[in-house]
Amino acid sequence: MITLKTRENPRFSGRSGTRSRASENRKFPRGKDKFLREISKGIFRKGRNLYTKSAAPGTRVYDERILKKGRSEFREWDPRRSKLSVAIMKGLPKVPINEDSVVLYLGAANGTTVSHVADIAFNGRVFAVEFSPRAIMDLIFVAKDRNNIIPILESAFHPKNYKGLLEPVDLVYQDVAQKNQAEILIKNCKAFIKHGGYAMIAVKARSIDVTKKPVIVFKEVERKLRDEFHIIDKRRLEPFKKDHMFYLLKMK
Amino acid sequence: MEANVIKTFNKDVEKAVINYIKGEQPRKVINQPSKAVRSGLVNNEKEYTEYLNEFAIKLVSHKLKQSFEPEIPVIQAANAIEEIDKNINILYERLRELYTLYYPEAVRKVRDAKQLARLLEDPERKEVSKKLRITSKSIGYEYGKEEFEMIEEFADELGDLIELRKKLEDYVTMKMKKIAPKLSELAGPMLAARLITIAGSFKRLALMPSSTIQVLGAEKALFRHLRTGAKPPKHGIIIQHSSIQKAKKKDRGKAARKLSNKISIIVRSDYFENP
Ligand SMILES: C[S@@+](CC[C@H](N)C(=O)[O-])C[C@H]1O[C@@H](n2cnc3c(N)ncnc32)[C@H](O)[C@@H]1O
């Protein structure tokens, strides 16, 4: 078997300035709400867009649009940039994050999704693990504006390397696009999750096995996950992400 | 004793980070918010979060400094060369077209971008005809002073771009000879740089099996092969090497295998001598 390393750009450079997203958004019904409505702790919706209340008003993380309400700022949570946003848009029944949550986030990249999670858990802490030096350079600037983000330059393969910094967590969120995604999640959950804690994982079929049909890959992943978790919900992330499945899990 | 350690901890995050790296800091305090408060390191949980945030940022900055590899800027320069090449080609095509309309007899004699840029330092026919020894009367349109000025600017910028490309290439060549001398010898410094760029780092290239090196740069074809069973690619970027260029078409697969074998051996010896 050939092991192949492609050039993966850790930066999401899709910074097109286009504002017409009608075609992409067709799956998400146009909401009736004219005003911001809180649909889950710290997550707001207006029309078809999602928002989180900025924990660092006056700053931006990517090119997100900002809605001002009095002295507060609400940052649009762009589904083209964040899988969690897509999962919520597509009807994830529950987002197990609140203002006090302590979250372990694996695969933090440049902090796009992390920043929204940190907005929601503004009173808690988000431990953001990322092993790419380039990506974590961007993440540091996000963590300077949001002091509840704890950046960690380590591989999620080796939880013992960051054990010294971490307390028990309420949620483990994982988006690492690796071959052994399920194993990495299980390892980290066993090491850090509180009793009754939740996990979320975005599984990219292609990074596990390009030769197999995604459905088959998802089945195999689920078999592994079921040993340790109850699968509460799963969502395909089309049309925003091809061949991705998003799982909401609860530790057994 | 512990209280003391915690005090220094509190005052000087920088020091705490160094202790942490050495494995000498009181870990049991830092990863437990309630204990951190009780011990007096911080006054409340909010301060704990702030402390941890500052600590973590400093720790990452420290590690980042150590993660620098000499090939990092070389990779950027090698990528820049590829991008500049595309730009040079586009601008060269455009400038040819622009000037052809005025003086087609001259453009027909121009072979490359550098020559054109040099030639059009003064774009008027009487100058250009002298340089190229053209005696016949031109069939082109007439351009005026404004056009000559515009063409001059254009040629000047194109010339600068070619100059920049040359400087980047000199830099990459010089650096590659230092970083991977034997690989640079075997593959040429520019191809060596491309290989490292596609692999992602010198280390990754050094640890790659030769079968992967053989198809580096042909990822699309390789994935198509894995997914659909289409023919596997015989070679990636190493096709630029003279030993493969020279081989007959039917022997290219074999030549590619031979070359990638050699590369994988040599890059390892370069890497382990000078990692
Ligand atoms: C798809 S991106 C994550 C995007 C991010 N979750 C967001 O939505 O903003 C995957 C990231 O995981 C990182 N990664 C992959 N394997 C990892 C590992 N073993 N440990 C830590 N990070 C890893 C990659 O460097 C990359 O930045």
# chains A, B, ... in the order shown; residues from 1 in each chain; ligands from 1
$ residues_around --residues "A:Lys94" --least-positions-apart "3" --cutoff "9 Å" --atoms "only C-alpha atoms" --output "MDAnalysis selection string"
chainID A and resid 40 88 91 97 233 248
$ interface_residues --of "chain A" --to "chain B" --cutoff "10 Å" --atoms "only C-alpha atoms" --output "ChimeraX atom specification"
/A:1-8,123-127,132-134,136-137,139-141,143-144,146-154,162-168,206,209-213
$ residues_around --residues "B:Ala77" --least-positions-apart "3" --cutoff "12 Å" --atoms "only C-alpha atoms" --output "ChimeraX atom specification"
/B:71-74,80-84,164-173,175-176,190,193-194,197
$ atom_distance --atom1 "atom CA of A:Lys204" --atom2 "atom CA of A:Leu92"
17.6 Å
$ residues_near_ligand --ligand "ligand 1" --cutoff "7 Å" --atoms "only C-alpha atoms and all ligand atoms" --output "list of chain:residue names"
A:Pro10, A:Arg81, A:Ser82, A:Lys83, A:Leu106, A:Gly107, A:Ala108, A:Ala109, A:Asn110, A:Gly111, A:Thr112, A:Thr113, A:Val114, A:Val129, A:Glu130, A:Phe131, A:Ser132, A:Ala135, A:Glu154, A:Ser155, A:Ala156, A:Phe157, A:Asp175, A:Val176, A:Ala177, A:Gln178
$ select_by_dssp --residues "stretch 68-247 of chain A" --states "helix (DSSP H, G or I)" --output "JSON, numbers by chain"
{"A": [83, 84, 85, 86, 87, 88, 89, 112, 113, 114, 115, 116, 117, 118, 119, 120, 133, 134, 135, 136, 137, 138, 139, 140, 141, 142, 143, 144, 145, 159, 160, 161, 163, 164, 165, 181, 182, 183, 184, 185, 186, 187, 188, 189, 190, 191, 192, 205, 206, 207, 208, 214, 215, 216, 217, 218, 219, 220, 221, 222, 223, 224, 225, 226]}
$ atom_distance --atom1 "atom CA of B:Ile88" --atom2 "atom CA of B:Tyr143"
24.3 Å
$ residues_around --residues "B:Tyr271" --least-positions-apart "4" --cutoff "9 Å" --atoms "only C-alpha atoms" --output "list of chain:residue names"
B:Ile179, B:Ala180, B:Phe202, B:Lys203, B:Ala206, B:Ile266, B:Val267, B:Pro275
$ write_last_selection --atoms "all heavy atoms" --output "PDB file, in the first residue's frame"
ATOM      1  N   ILE B 179      20.896  22.266   2.191  1.00  0.00           N
ATOM      2  CA  ILE B 179      19.974  21.405   2.931  1.00  0.00           C
ATOM      3  C   ILE B 179      20.099  19.947   2.494  1.00  0.00           C
ATOM      4  O   ILE B 179      20.157  19.045   3.318  1.00  0.00           O
ATOM      5  CB  ILE B 179      18.518  21.889   2.739  1.00  0.00           C
ATOM      6  CG1 ILE B 179      18.343  23.280   3.343  1.00  0.00           C
ATOM      7  CG2 ILE B 179      17.514  20.908   3.338  1.00  0.00           C
ATOM      8  CD1 ILE B 179      17.044  23.969   2.963  1.00  0.00           C
ATOM      9  N   ALA B 180      20.149  19.748   1.188  1.00  0.00           N
ATOM     10  CA  ALA B 180      20.200  18.376   0.669  1.00  0.00           C
ATOM     11  C   ALA B 180      21.188  18.304  -0.491  1.00  0.00           C
ATOM     12  O   ALA B 180      20.791  18.238  -1.657  1.00  0.00           O
ATOM     13  CB  ALA B 180      18.801  17.949   0.215  1.00  0.00           C
ATOM     14  N   PHE B 202      11.245  18.235   4.323  1.00  0.00           N
ATOM     15  CA  PHE B 202      12.430  17.417   4.066  1.00  0.00           C
ATOM     16  C   PHE B 202      12.288  16.071   4.772  1.00  0.00           C
ATOM     17  O   PHE B 202      12.508  15.000   4.199  1.00  0.00           O
ATOM     18  CB  PHE B 202      13.642  18.190   4.588  1.00  0.00           C
ATOM     19  CG  PHE B 202      14.977  17.574   4.284  1.00  0.00           C
ATOM     20  CD1 PHE B 202      15.169  16.704   3.219  1.00  0.00           C
ATOM     21  CD2 PHE B 202      16.080  17.910   5.076  1.00  0.00           C
ATOM     22  CE1 PHE B 202      16.421  16.163   2.952  1.00  0.00           C
ATOM     23  CE2 PHE B 202      17.329  17.374   4.820  1.00  0.00           C
ATOM     24  CZ  PHE B 202      17.494  16.491   3.768  1.00  0.00           C
ATOM     25  N   LYS B 203      11.840  16.135   6.017  1.00  0.00           N
ATOM     26  CA  LYS B 203      11.697  14.920   6.809  1.00  0.00           C
ATOM     27  C   LYS B 203      10.703  13.953   6.162  1.00  0.00           C
ATOM     28  O   LYS B 203      10.963  12.761   6.023  1.00  0.00           O
ATOM     29  CB  LYS B 203      11.220  15.297   8.212  1.00  0.00           C
ATOM     30  CG  LYS B 203      11.071  14.119   9.134  1.00  0.00           C
ATOM     31  CD  LYS B 203      10.653  14.566  10.525  1.00  0.00           C
ATOM     32  CE  LYS B 203      10.421  13.355  11.415  1.00  0.00           C
ATOM     33  NZ  LYS B 203       9.930  13.756  12.738  1.00  0.00           N
ATOM     34  N   ALA B 206      12.166  12.305   3.264  1.00  0.00           N
ATOM     35  CA  ALA B 206      13.175  11.329   3.655  1.00  0.00           C
ATOM     36  C   ALA B 206      12.538  10.029   4.144  1.00  0.00           C
ATOM     37  O   ALA B 206      13.113   8.956   3.985  1.00  0.00           O
ATOM     38  CB  ALA B 206      14.072  11.910   4.746  1.00  0.00           C
ATOM     39  N   ILE B 266      19.191   8.421  -1.468  1.00  0.00           N
ATOM     40  CA  ILE B 266      20.051   9.583  -1.294  1.00  0.00           C
ATOM     41  C   ILE B 266      19.454  10.630  -0.370  1.00  0.00           C
ATOM     42  O   ILE B 266      20.146  11.253   0.432  1.00  0.00           O
ATOM     43  CB  ILE B 266      20.403  10.147  -2.690  1.00  0.00           C
ATOM     44  CG1 ILE B 266      21.801   9.683  -3.022  1.00  0.00           C
ATOM     45  CG2 ILE B 266      20.278  11.645  -2.740  1.00  0.00           C
ATOM     46  CD1 ILE B 266      22.342  10.211  -4.277  1.00  0.00           C
ATOM     47  N   VAL B 267      18.133  10.792  -0.446  1.00  0.00           N
ATOM     48  CA  VAL B 267      17.506  11.804   0.397  1.00  0.00           C
ATOM     49  C   VAL B 267      17.592  11.373   1.858  1.00  0.00           C
ATOM     50  O   VAL B 267      17.728  12.186   2.761  1.00  0.00           O
ATOM     51  CB  VAL B 267      16.056  12.090  -0.049  1.00  0.00           C
ATOM     52  CG1 VAL B 267      15.126  10.958   0.299  1.00  0.00           C
ATOM     53  CG2 VAL B 267      15.521  13.365   0.598  1.00  0.00           C
ATOM     54  N   PRO B 275      19.927  16.540   9.603  1.00  0.00           N
ATOM     55  CA  PRO B 275      18.472  16.601   9.691  1.00  0.00           C
ATOM     56  C   PRO B 275      17.955  17.998  10.048  1.00  0.00           C
ATOM     57  O   PRO B 275      18.700  18.809  10.540  1.00  0.00           O
ATOM     58  CB  PRO B 275      18.132  15.610  10.804  1.00  0.00           C
ATOM     59  CG  PRO B 275      19.353  15.481  11.611  1.00  0.00           C
ATOM     60  CD  PRO B 275      20.521  15.784  10.710  1.00  0.00           C
TER      61      PRO B 275
END
$ closest_residue --among "A:Arg60, A:Arg37, A:Arg223, A:Lys250" --to "A:Leu171" --atoms "only C-alpha atoms"
A:Lys250
$ atom_distance --atom1 "atom CA of B:Pro181" --atom2 "atom CA of B:Gln214"
20.0 Å
$ residues_around --residues "B:Phe148" --least-positions-apart "3" --cutoff "9 Å" --atoms "only C-alpha atoms" --output "PyMOL selection string"
chain B and resi 122-124+143-145+151-153
$ residues_around --residues "A:Ile120" --least-positions-apart "6" --cutoff "12 Å" --atoms "only C-alpha atoms" --output "number ranges by chain"
A: 38, 40-44, 51-56, 74-75, 77, 95-103, 113-114, 126, 146, 148-149
$ write_last_selection --atoms "N, CA, C and O atoms" --output "short mmCIF file (atom, residue, chain, number, x, y, z; two decimals), in the first residue's frame"
data_model
loop_
_atom_site.label_atom_id
_atom_site.label_comp_id
_atom_site.auth_asym_id
_atom_site.auth_seq_id
_atom_site.Cartn_x
_atom_site.Cartn_y
_atom_site.Cartn_z
N GLU A 38 -32.90 32.65 19.83
CA GLU A 38 -31.93 31.71 20.38
C GLU A 38 -32.48 30.30 20.18
O GLU A 38 -33.51 29.94 20.74
N SER A 40 -30.53 27.42 20.55
CA SER A 40 -29.86 26.55 21.51
C SER A 40 -29.01 27.50 22.33
O SER A 40 -28.80 28.64 21.92
N LYS A 41 -28.54 27.05 23.48
CA LYS A 41 -27.74 27.95 24.33
C LYS A 41 -26.66 28.67 23.52
O LYS A 41 -25.77 28.03 22.97
N GLY A 42 -26.79 29.99 23.42
CA GLY A 42 -25.74 30.77 22.77
C GLY A 42 -25.72 30.71 21.25
O GLY A 42 -24.82 31.27 20.62
N ILE A 43 -26.69 30.02 20.65
CA ILE A 43 -26.72 29.92 19.19
C ILE A 43 -28.00 30.59 18.70
O ILE A 43 -29.10 30.31 19.21
N PHE A 44 -27.87 31.50 17.76
CA PHE A 44 -29.00 32.31 17.32
C PHE A 44 -29.26 32.10 15.84
O PHE A 44 -28.38 31.72 15.08
N TYR A 51 -25.91 32.47 14.07
CA TYR A 51 -25.00 33.44 14.68
C TYR A 51 -24.58 32.96 16.06
O TYR A 51 -25.31 32.21 16.71
N THR A 52 -23.40 33.42 16.51
CA THR A 52 -23.09 33.32 17.93
C THR A 52 -22.77 34.72 18.40
O THR A 52 -22.33 35.57 17.62
N LYS A 53 -23.03 34.95 19.67
CA LYS A 53 -22.78 36.28 20.22
C LYS A 53 -21.29 36.42 20.48
O LYS A 53 -20.70 35.62 21.22
N SER A 54 -20.68 37.39 19.87
CA SER A 54 -19.23 37.52 19.93
C SER A 54 -18.72 37.76 21.35
O SER A 54 -19.20 38.64 22.04
N ALA A 55 -17.74 36.96 21.74
CA ALA A 55 -17.12 37.16 23.04
C ALA A 55 -16.00 38.19 22.91
O ALA A 55 -15.40 38.59 23.91
N ALA A 56 -15.71 38.63 21.70
CA ALA A 56 -14.66 39.62 21.48
C ALA A 56 -15.14 40.65 20.47
O ALA A 56 -14.66 40.69 19.33
N PHE A 74 -23.16 40.01 16.85
CA PHE A 74 -23.45 38.62 16.55
C PHE A 74 -22.70 38.25 15.28
O PHE A 74 -22.83 38.91 14.26
N ARG A 75 -21.90 37.19 15.38
CA ARG A 75 -21.08 36.79 14.23
C ARG A 75 -21.78 35.70 13.44
O ARG A 75 -22.17 34.67 13.99
N TRP A 77 -22.34 32.54 11.40
CA TRP A 77 -21.61 31.26 11.47
C TRP A 77 -21.76 30.59 10.12
O TRP A 77 -22.77 29.94 9.85
N VAL A 95 -27.32 20.62 20.76
CA VAL A 95 -25.91 21.02 20.76
C VAL A 95 -25.48 21.07 22.23
O VAL A 95 -25.86 21.97 22.96
N PRO A 96 -24.70 20.07 22.67
CA PRO A 96 -24.40 19.97 24.10
C PRO A 96 -23.31 20.94 24.55
O PRO A 96 -22.28 20.53 25.08
N ILE A 97 -23.53 22.22 24.30
CA ILE A 97 -22.58 23.24 24.75
C ILE A 97 -23.39 24.35 25.40
O ILE A 97 -24.42 24.76 24.86
N ASN A 98 -22.95 24.82 26.56
CA ASN A 98 -23.58 25.99 27.14
C ASN A 98 -22.50 26.95 27.61
O ASN A 98 -21.32 26.72 27.37
N GLU A 99 -22.90 28.01 28.30
CA GLU A 99 -21.92 29.06 28.62
C GLU A 99 -20.79 28.57 29.52
O GLU A 99 -19.71 29.14 29.50
N ASP A 100 -21.02 27.53 30.30
CA ASP A 100 -19.98 27.05 31.22
C ASP A 100 -19.21 25.84 30.72
O ASP A 100 -18.37 25.30 31.45
N SER A 101 -19.50 25.39 29.53
CA SER A 101 -18.92 24.12 29.07
C SER A 101 -17.40 24.16 29.01
O SER A 101 -16.79 25.18 28.65
N VAL A 102 -16.82 23.03 29.36
CA VAL A 102 -15.39 22.81 29.12
C VAL A 102 -15.30 21.83 27.96
O VAL A 102 -15.85 20.73 28.02
N VAL A 103 -14.65 22.28 26.89
CA VAL A 103 -14.65 21.51 25.64
C VAL A 103 -13.22 21.16 25.26
O VAL A 103 -12.31 21.98 25.37
N THR A 113 -14.14 27.31 13.60
CA THR A 113 -15.23 26.75 14.41
C THR A 113 -14.95 26.96 15.90
O THR A 113 -15.85 27.28 16.67
N VAL A 114 -13.68 26.81 16.28
CA VAL A 114 -13.30 27.01 17.68
C VAL A 114 -13.81 28.36 18.19
O VAL A 114 -14.33 28.46 19.30
N VAL A 126 -12.14 26.23 26.19
CA VAL A 126 -12.05 25.37 25.01
C VAL A 126 -10.58 25.02 24.80
O VAL A 126 -9.77 25.89 24.46
N ARG A 146 -9.81 35.80 22.57
CA ARG A 146 -10.79 35.05 23.37
C ARG A 146 -10.01 34.24 24.39
O ARG A 146 -9.48 33.19 24.07
N ASN A 148 -10.76 32.34 26.69
CA ASN A 148 -11.19 31.00 27.10
C ASN A 148 -10.73 29.91 26.12
O ASN A 148 -11.09 28.75 26.26
N ILE A 149 -9.93 30.31 25.12
CA ILE A 149 -9.35 29.31 24.22
C ILE A 149 -7.95 28.97 24.70
O ILE A 149 -7.12 29.87 24.92
#
$ closest_residue --among "A:Leu237, A:Met89, A:Val117, A:Ile66" --to "A:Ile39" --atoms "only C-alpha atoms"
A:Met89
$ residues_around --residues "A:Phe218" --least-positions-apart "5" --cutoff "8 Å" --atoms "only C-alpha atoms" --output "number ranges by chain"
A: 203, 205, 245
$ decode --residues "stretch 90-120 of chain B" --atoms "N, CA and C atoms" --output "PDB file, in the first residue's frame"
ATOM      1  N   ILE B  90       1.584  34.432 -19.201  1.00  0.00           N
ATOM      2  CA  ILE B  90       0.393  35.192 -19.591  1.00  0.00           C
ATOM      3  C   ILE B  90       0.771  36.575 -20.106  1.00  0.00           C
ATOM      4  N   LEU B  91       1.652  37.249 -19.352  1.00  0.00           N
ATOM      5  CA  LEU B  91       2.024  38.611 -19.735  1.00  0.00           C
ATOM      6  C   LEU B  91       2.825  38.625 -21.035  1.00  0.00           C
ATOM      7  N   TYR B  92       3.657  37.632 -21.197  1.00  0.00           N
ATOM      8  CA  TYR B  92       4.449  37.515 -22.419  1.00  0.00           C
ATOM      9  C   TYR B  92       3.532  37.374 -23.631  1.00  0.00           C
ATOM     10  N   GLU B  93       2.548  36.476 -23.518  1.00  0.00           N
ATOM     11  CA  GLU B  93       1.573  36.301 -24.599  1.00  0.00           C
ATOM     12  C   GLU B  93       0.891  37.622 -24.930  1.00  0.00           C
ATOM     13  N   ARG B  94       0.487  38.324 -23.895  1.00  0.00           N
ATOM     14  CA  ARG B  94      -0.229  39.586 -24.100  1.00  0.00           C
ATOM     15  C   ARG B  94       0.659  40.629 -24.761  1.00  0.00           C
ATOM     16  N   LEU B  95       1.883  40.726 -24.283  1.00  0.00           N
ATOM     17  CA  LEU B  95       2.792  41.734 -24.837  1.00  0.00           C
ATOM     18  C   LEU B  95       3.129  41.413 -26.294  1.00  0.00           C
ATOM     19  N   ARG B  96       3.290  40.171 -26.614  1.00  0.00           N
ATOM     20  CA  ARG B  96       3.518  39.756 -28.005  1.00  0.00           C
ATOM     21  C   ARG B  96       2.374  40.232 -28.874  1.00  0.00           C
ATOM     22  N   GLU B  97       1.162  39.944 -28.402  1.00  0.00           N
ATOM     23  CA  GLU B  97      -0.021  40.297 -29.173  1.00  0.00           C
ATOM     24  C   GLU B  97      -0.086  41.815 -29.378  1.00  0.00           C
ATOM     25  N   LEU B  98       0.124  42.513 -28.297  1.00  0.00           N
ATOM     26  CA  LEU B  98       0.083  43.981 -28.334  1.00  0.00           C
ATOM     27  C   LEU B  98       1.083  44.538 -29.343  1.00  0.00           C
ATOM     28  N   TYR B  99       2.265  43.962 -29.346  1.00  0.00           N
ATOM     29  CA  TYR B  99       3.322  44.510 -30.193  1.00  0.00           C
ATOM     30  C   TYR B  99       3.223  43.999 -31.639  1.00  0.00           C
ATOM     31  N   THR B 100       2.686  42.792 -31.784  1.00  0.00           N
ATOM     32  CA  THR B 100       2.500  42.242 -33.127  1.00  0.00           C
ATOM     33  C   THR B 100       1.649  43.164 -33.995  1.00  0.00           C
ATOM     34  N   LEU B 101       0.649  43.748 -33.376  1.00  0.00           N
ATOM     35  CA  LEU B 101      -0.250  44.609 -34.132  1.00  0.00           C
ATOM     36  C   LEU B 101       0.490  45.802 -34.734  1.00  0.00           C
ATOM     37  N   TYR B 102       1.586  46.153 -34.083  1.00  0.00           N
ATOM     38  CA  TYR B 102       2.377  47.299 -34.532  1.00  0.00           C
ATOM     39  C   TYR B 102       3.548  46.854 -35.420  1.00  0.00           C
ATOM     40  N   TYR B 103       4.163  45.739 -35.023  1.00  0.00           N
ATOM     41  CA  TYR B 103       5.387  45.355 -35.730  1.00  0.00           C
ATOM     42  C   TYR B 103       5.524  43.816 -35.794  1.00  0.00           C
ATOM     43  N   PRO B 104       4.678  43.182 -36.615  1.00  0.00           N
ATOM     44  CA  PRO B 104       4.674  41.708 -36.663  1.00  0.00           C
ATOM     45  C   PRO B 104       6.009  41.118 -37.109  1.00  0.00           C
ATOM     46  N   GLU B 105       6.706  41.819 -37.994  1.00  0.00           N
ATOM     47  CA  GLU B 105       7.977  41.292 -38.502  1.00  0.00           C
ATOM     48  C   GLU B 105       8.969  41.089 -37.361  1.00  0.00           C
ATOM     49  N   ALA B 106       8.920  41.977 -36.377  1.00  0.00           N
ATOM     50  CA  ALA B 106       9.847  41.881 -35.244  1.00  0.00           C
ATOM     51  C   ALA B 106       9.447  40.739 -34.319  1.00  0.00           C
ATOM     52  N   VAL B 107       8.145  40.687 -33.975  1.00  0.00           N
ATOM     53  CA  VAL B 107       7.708  39.679 -33.015  1.00  0.00           C
ATOM     54  C   VAL B 107       7.998  38.278 -33.524  1.00  0.00           C
ATOM     55  N   ARG B 108       7.926  38.087 -34.833  1.00  0.00           N
ATOM     56  CA  ARG B 108       8.208  36.757 -35.382  1.00  0.00           C
ATOM     57  C   ARG B 108       9.624  36.294 -35.094  1.00  0.00           C
ATOM     58  N   LYS B 109      10.488  37.252 -34.807  1.00  0.00           N
ATOM     59  CA  LYS B 109      11.881  36.869 -34.523  1.00  0.00           C
ATOM     60  C   LYS B 109      12.172  36.691 -33.037  1.00  0.00           C
ATOM     61  N   VAL B 110      11.169  36.976 -32.193  1.00  0.00           N
ATOM     62  CA  VAL B 110      11.407  36.913 -30.751  1.00  0.00           C
ATOM     63  C   VAL B 110      11.125  35.515 -30.218  1.00  0.00           C
ATOM     64  N   ARG B 111      12.049  34.983 -29.414  1.00  0.00           N
ATOM     65  CA  ARG B 111      11.911  33.602 -28.951  1.00  0.00           C
ATOM     66  C   ARG B 111      11.368  33.473 -27.530  1.00  0.00           C
ATOM     67  N   ASP B 112      11.682  34.428 -26.681  1.00  0.00           N
ATOM     68  CA  ASP B 112      11.173  34.265 -25.315  1.00  0.00           C
ATOM     69  C   ASP B 112      10.894  35.596 -24.623  1.00  0.00           C
ATOM     70  N   ALA B 113      10.332  35.484 -23.439  1.00  0.00           N
ATOM     71  CA  ALA B 113       9.864  36.657 -22.701  1.00  0.00           C
ATOM     72  C   ALA B 113      11.005  37.615 -22.382  1.00  0.00           C
ATOM     73  N   LYS B 114      12.135  37.047 -22.002  1.00  0.00           N
ATOM     74  CA  LYS B 114      13.257  37.887 -21.614  1.00  0.00           C
ATOM     75  C   LYS B 114      13.724  38.739 -22.789  1.00  0.00           C
ATOM     76  N   GLN B 115      13.806  38.085 -23.947  1.00  0.00           N
ATOM     77  CA  GLN B 115      14.262  38.792 -25.141  1.00  0.00           C
ATOM     78  C   GLN B 115      13.282  39.908 -25.513  1.00  0.00           C
ATOM     79  N   LEU B 116      11.989  39.610 -25.405  1.00  0.00           N
ATOM     80  CA  LEU B 116      10.981  40.607 -25.751  1.00  0.00           C
ATOM     81  C   LEU B 116      11.046  41.807 -24.804  1.00  0.00           C
ATOM     82  N   ALA B 117      11.156  41.501 -23.518  1.00  0.00           N
ATOM     83  CA  ALA B 117      11.198  42.579 -22.524  1.00  0.00           C
ATOM     84  C   ALA B 117      12.402  43.482 -22.784  1.00  0.00           C
ATOM     85  N   ARG B 118      13.535  42.897 -23.077  1.00  0.00           N
ATOM     86  CA  ARG B 118      14.752  43.657 -23.355  1.00  0.00           C
ATOM     87  C   ARG B 118      14.581  44.510 -24.615  1.00  0.00           C
ATOM     88  N   LEU B 119      14.025  43.871 -25.655  1.00  0.00           N
ATOM     89  CA  LEU B 119      13.864  44.518 -26.950  1.00  0.00           C
ATOM     90  C   LEU B 119      12.992  45.763 -26.863  1.00  0.00           C
ATOM     91  N   LEU B 120      11.954  45.691 -26.006  1.00  0.00           N
ATOM     92  CA  LEU B 120      10.973  46.771 -25.985  1.00  0.00           C
ATOM     93  C   LEU B 120      11.302  47.872 -24.974  1.00  0.00           C
TER      94      LEU B 120
END
